[in-house]
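Heads up, the thing below is written out as structure tokens.
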Amino acid sequence: MKVLLVEDEPDLGAAIKRTLEREAYVVDWAKDGKEGYDYIESYSLQPVETPYTLAIFDWLLPALSGIELCKRLRASGSALPVLMLTAKDSMEDKVAGLDAGADDYLVKPFGMAELLARLRALQRRSPQLQPQQIQVGNLTLDYGTRTLYCHQKTGEPVAISMTNKEFQLLEYLMRHPQQIITRDRILDRLWELGSEPGSNVVAAQMRLLRRKLAEQGYDRLIETVYGLGYRFKAED
């Protein structure tokens, strides 16, 4: 899952980014409100879906405040769930943030455990976001343990540990079964905006994922559609 973080405090932004990445989130970190809005706008100009499933906005940002950023987001018709971070803790401030379109409000200082709990709560309240598990065919992907379970015809399910990137890649494929997913869509979803991964990074990650699936007898689940992309074949 990809998060848009808009935070101008370097230490806090870096701490949030590290925490989220340890939990298998992909994070685009913008340092001011205008840059954050540019991140969102950059995808509206491309023939791909916006990759963000959650956003974290600081209230007091250079160039464009978190409140104004949230208002622009809602005016565009976006339902992207937003967690607002702020030192403002009066009832009036909370009401202003929620009225601007924020879905939740976290007062500084806060612990990273609470931040993660708020994000999980937003996921549960947002029907377009992932459940605690996703199952396709004989495979179950568990978000709590970041483990893949392969259900065999006999015996207990086999648990397969995964790296963050393998988990993110398989999660994206399982959420779009039977669809052809292009390399560009995978890059937009699983890598930070502005990063420069190698030209073969998607193919390399796909090979590693296929190898783990093949070890459990699922060697034909991911199909390469030459010239187009990849397809997760749910019927297998």
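The way I read the labels, and the way they are meant: chains A, B, ... in the order of the structure tokens, residue 1 as the first residue of every chain, and ligand 1 as the first ligand shown, with later ones counted on from there.
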Contacts of Lys108 of chain A at 9 Å or less, counting only C-alpha atoms, minus same-chain residues fewer than 3 places along, as a PDB file with all heavy atoms, in the first residue's frame?
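Everything below was put into result06.pdb:
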```pdb
ATOM      1  N   LEU A  85      -1.976  15.748  10.881  1.00  0.00           N
ATOM      2  CA  LEU A  85      -1.065  15.889  12.016  1.00  0.00           C
ATOM      3  C   LEU A  85      -0.966  17.353  12.388  1.00  0.00           C
ATOM      4  O   LEU A  85      -0.768  18.203  11.527  1.00  0.00           O
ATOM      5  CB  LEU A  85       0.331  15.372  11.657  1.00  0.00           C
ATOM      6  CG  LEU A  85       0.442  13.976  11.057  1.00  0.00           C
ATOM      7  CD1 LEU A  85       1.903  13.662  10.760  1.00  0.00           C
ATOM      8  CD2 LEU A  85      -0.154  12.931  11.987  1.00  0.00           C
ATOM      9  N   THR A  86      -1.055  17.660  13.686  1.00  0.00           N
ATOM     10  CA  THR A  86      -0.978  19.061  14.084  1.00  0.00           C
ATOM     11  C   THR A  86      -0.704  19.203  15.564  1.00  0.00           C
ATOM     12  O   THR A  86      -0.984  18.294  16.355  1.00  0.00           O
ATOM     13  CB  THR A  86      -2.289  19.796  13.748  1.00  0.00           C
ATOM     14  OG1 THR A  86      -2.174  21.168  14.115  1.00  0.00           O
ATOM     15  CG2 THR A  86      -3.456  19.174  14.484  1.00  0.00           C
ATOM     16  N   ALA A  87      -0.134  20.352  15.941  1.00  0.00           N
ATOM     17  CA  ALA A  87       0.031  20.695  17.349  1.00  0.00           C
ATOM     18  C   ALA A  87      -1.210  21.395  17.886  1.00  0.00           C
ATOM     19  O   ALA A  87      -1.326  21.643  19.088  1.00  0.00           O
ATOM     20  CB  ALA A  87       1.260  21.598  17.520  1.00  0.00           C
ATOM     21  N   LYS A  88      -2.135  21.741  17.010  1.00  0.00           N
ATOM     22  CA  LYS A  88      -3.364  22.425  17.417  1.00  0.00           C
ATOM     23  C   LYS A  88      -4.319  21.402  18.029  1.00  0.00           C
ATOM     24  O   LYS A  88      -4.650  20.401  17.387  1.00  0.00           O
ATOM     25  CB  LYS A  88      -4.033  23.088  16.211  1.00  0.00           C
ATOM     26  CG  LYS A  88      -3.192  24.185  15.551  1.00  0.00           C
ATOM     27  CD  LYS A  88      -3.862  24.674  14.281  1.00  0.00           C
ATOM     28  CE  LYS A  88      -3.107  25.810  13.625  1.00  0.00           C
ATOM     29  NZ  LYS A  88      -3.219  27.064  14.364  1.00  0.00           N
ATOM     30  N   ASP A  89      -4.738  21.642  19.263  1.00  0.00           N
ATOM     31  CA  ASP A  89      -5.576  20.636  19.924  1.00  0.00           C
ATOM     32  C   ASP A  89      -6.892  21.176  20.464  1.00  0.00           C
ATOM     33  O   ASP A  89      -7.597  20.491  21.207  1.00  0.00           O
ATOM     34  CB  ASP A  89      -4.800  19.966  21.061  1.00  0.00           C
ATOM     35  CG  ASP A  89      -4.358  20.949  22.143  1.00  0.00           C
ATOM     36  OD1 ASP A  89      -4.585  22.162  21.963  1.00  0.00           O
ATOM     37  OD2 ASP A  89      -3.790  20.493  23.152  1.00  0.00           O
ATOM     38  N   GLY A 111       3.139   8.976  19.501  1.00  0.00           N
ATOM     39  CA  GLY A 111       3.986   7.811  19.329  1.00  0.00           C
ATOM     40  C   GLY A 111       3.707   7.147  17.995  1.00  0.00           C
ATOM     41  O   GLY A 111       2.598   7.241  17.455  1.00  0.00           O
TER      42      GLY A 111
END
```
*Assign secondary structure with DSSP using the backbone only, and return the residues of segment 154-225 of chain A in strand (DSSP E or B) as a list in words.*
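Here are the strand (DSSP E or B) residues of segment 154-225 of chain A: Val158, Ala159, Ile160, Ser161, Ile180, Ile181, Ile222, Glu223, Thr224 and Val225 of chain A.
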*Interatomic distance between atom CA of Leu54 of chain A and atom CA of Pro81 of chain A?*
5.2 Å
Taking only residues of segment 71-173 of chain A that have an atom at most 9 Å from an atom of segment 13-21 of chain A, what is each one's shortest atom pair and its distance in Å to one decimal, using only C-alpha atoms, in chain and number order, as JSON lines?
```
{"residue": "A:Met112", "atom": "CA", "partner": "A:Thr19", "partner_atom": "CA", "distance": 7.1}
{"residue": "A:Leu115", "atom": "CA", "partner": "A:Ile16", "partner_atom": "CA", "distance": 8.6}
{"residue": "A:Leu116", "atom": "CA", "partner": "A:Leu20", "partner_atom": "CA", "distance": 7.9}
{"residue": "A:Asn164", "atom": "CA", "partner": "A:Glu21", "partner_atom": "CA", "distance": 8.3}
```
For the residues in the current selection, export N, CA, C and O atoms as a short mmCIF file (atom, residue, chain, number, x, y, z; two decimals), in the first residue's frame.
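New file result_4.cif:
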```cif
data_model
loop_
_atom_site.label_atom_id
_atom_site.label_comp_id
_atom_site.auth_asym_id
_atom_site.auth_seq_id
_atom_site.Cartn_x
_atom_site.Cartn_y
_atom_site.Cartn_z
N MET A 112 4.71 6.47 17.46
CA MET A 112 4.53 5.81 16.17
C MET A 112 3.52 4.67 16.25
O MET A 112 2.83 4.38 15.27
N LEU A 115 0.25 6.28 15.63
CA LEU A 115 0.12 6.62 14.21
C LEU A 115 -0.30 5.39 13.41
O LEU A 115 -1.23 5.45 12.58
N LEU A 116 0.37 4.27 13.63
CA LEU A 116 0.04 3.05 12.90
C LEU A 116 -1.37 2.58 13.22
O LEU A 116 -2.11 2.12 12.33
N ASN A 164 9.44 -7.22 2.08
CA ASN A 164 8.43 -6.17 1.89
C ASN A 164 8.04 -6.00 0.43
O ASN A 164 6.86 -5.89 0.09
#
```
Return as a tab-separated table the residues of segment 106-168 of chain A lying at most 10 Å from segment 175-188 of chain A, together with the closest atom-to-atom pair for each and the distance in Å to one decimal, counting only C-alpha atoms, with rows in chain order and ascending residue number.
```
residue	atom	partner	partner_atom	distance
A:Gln130	CA	A:Arg175	CA	8.7
A:Ile134	CA	A:Arg175	CA	7.9
A:Gln135	CA	A:Arg175	CA	9.2
A:Val136	CA	A:Pro177	CA	8.1
A:Gln168	CA	A:Ile186	CA	9.8
```
Those same residues - all heavy atoms - I'd like them written as a CSV table (one decimal), in the first residue's frame.
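Heads up, here's the output in out_16.csv:
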```csv
chain,number,residue,atom,x,y,z
A,130,GLN,N,-7.8,-2.4,1.9
A,130,GLN,CA,-7.6,-3.8,2.1
A,130,GLN,C,-8.2,-4.3,3.4
A,130,GLN,O,-8.1,-3.6,4.4
A,130,GLN,CB,-6.2,-4.2,2.0
A,130,GLN,CG,-5.3,-3.6,3.1
A,130,GLN,CD,-3.9,-3.3,2.7
A,130,GLN,OE1,-3.7,-3.1,1.6
A,130,GLN,NE2,-3.0,-3.3,3.7
A,134,ILE,N,-6.4,-11.1,2.4
A,134,ILE,CA,-7.0,-11.2,1.0
A,134,ILE,C,-6.7,-12.6,0.5
A,134,ILE,O,-5.6,-13.2,0.7
A,134,ILE,CB,-6.4,-10.2,0.1
A,134,ILE,CG1,-7.0,-10.3,-1.3
A,134,ILE,CG2,-4.9,-10.3,-0.1
A,134,ILE,CD1,-6.7,-9.2,-2.3
A,135,GLN,N,-7.8,-13.3,0.0
A,135,GLN,CA,-7.6,-14.6,-0.5
A,135,GLN,C,-8.0,-14.7,-1.9
A,135,GLN,O,-9.1,-14.2,-2.3
A,135,GLN,CB,-8.5,-15.6,0.4
A,135,GLN,CG,-8.3,-17.1,0.0
A,135,GLN,CD,-8.9,-18.0,1.0
A,135,GLN,OE1,-9.4,-17.6,2.0
A,135,GLN,NE2,-8.9,-19.3,0.6
A,136,VAL,N,-7.2,-15.4,-2.7
A,136,VAL,CA,-7.5,-15.6,-4.1
A,136,VAL,C,-7.1,-17.1,-4.4
A,136,VAL,O,-5.9,-17.5,-4.2
A,136,VAL,CB,-6.7,-14.7,-5.1
A,136,VAL,CG1,-7.0,-15.0,-6.5
A,136,VAL,CG2,-7.0,-13.2,-4.8
A,168,GLN,N,4.4,-6.6,-1.3
A,168,GLN,CA,3.7,-5.5,-2.0
A,168,GLN,C,3.3,-5.9,-3.4
A,168,GLN,O,2.2,-5.6,-3.9
A,168,GLN,CB,4.6,-4.3,-2.0
A,168,GLN,CG,4.8,-3.6,-0.6
A,168,GLN,CD,6.0,-2.7,-0.6
A,168,GLN,OE1,6.7,-2.5,-1.6
A,168,GLN,NE2,6.3,-2.1,0.6
```
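Closest to Ser76 of chain A among A:Val95, A:Ile160, A:Val6, A:Ile40 is A:Ile40, based on only C-alpha atoms.
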Find the spatial neighbours of Tyr105 of chain A, counting only C-alpha atoms, within a cut-off of 10 Å - ignore same-chain residues fewer than 4 positions away - and output them as a PDB file with C-alpha atoms, in the first residue's frame.
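What ended up in selection_10.pdb:
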```pdb
ATOM      1  CA  ILE A  56      -0.822  11.976   6.027  1.00  0.00           C
ATOM      2  CA  PHE A  57      -0.819  15.798   5.986  1.00  0.00           C
ATOM      3  CA  ASP A  58       0.765  18.124   8.523  1.00  0.00           C
ATOM      4  CA  TRP A  59      -1.460  21.135   9.223  1.00  0.00           C
ATOM      5  CA  VAL A  82      -6.435  11.701   5.125  1.00  0.00           C
ATOM      6  CA  LEU A  83      -4.869  11.696   8.592  1.00  0.00           C
ATOM      7  CA  MET A  84      -4.078  15.246   9.746  1.00  0.00           C
ATOM      8  CA  LEU A  85      -1.065  15.889  12.016  1.00  0.00           C
ATOM      9  CA  THR A  86      -0.978  19.061  14.084  1.00  0.00           C
ATOM     10  CA  LYS A  88      -3.364  22.425  17.417  1.00  0.00           C
ATOM     11  CA  ASP A  89      -5.576  20.636  19.924  1.00  0.00           C
ATOM     12  CA  ASP A  93      -9.160  23.439  15.341  1.00  0.00           C
ATOM     13  CA  LYS A  94     -10.273  19.805  15.244  1.00  0.00           C
ATOM     14  CA  VAL A  95     -13.622  20.809  13.772  1.00  0.00           C
ATOM     15  CA  GLY A  97      -9.640  20.064  10.135  1.00  0.00           C
ATOM     16  CA  LEU A  98     -12.508  17.607   9.855  1.00  0.00           C
ATOM     17  CA  ARG A 118      -4.840   5.391  13.336  1.00  0.00           C
TER      18      ARG A 118
END
```
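Of the listed residues A:Arg22, A:Ser90, A:Leu122, A:Asp38, the one whose atoms come nearest to Val107 of chain A is A:Ser90, with distances taken using only C-alpha atoms.
Taking the backbone of this structure through DSSP, the residues of segment 137-189 of chain A that come out as helix (DSSP H, G or I) are Asn164, Lys165, Glu166, Phe167, Gln168, Leu169, Leu170, Glu171, Tyr172, Leu173, Met174, Arg183, Asp184, Arg185, Ile186, Leu187, Asp188 and Arg189 of chain A.
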_I want to know what sits within 9 Å of Asp8 of chain A, based on only C-alpha atoms, with residues of the same chain fewer than 6 positions away left out; could you give that as number ranges by chain?_
A: 30-33, 58, 60-62
*Nearest residue to Gln216 of chain A from the set A:Val27, A:Ala159, A:Ala117, A:Ile67 (distances using only C-alpha atoms)*: A:Ala159
*Quick one: pull the distance between atom CA of Lys2 of chain A and atom CA of Tyr149 of chain A, Å, one decimal.*
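Those two atoms sit 22.9 Å apart.
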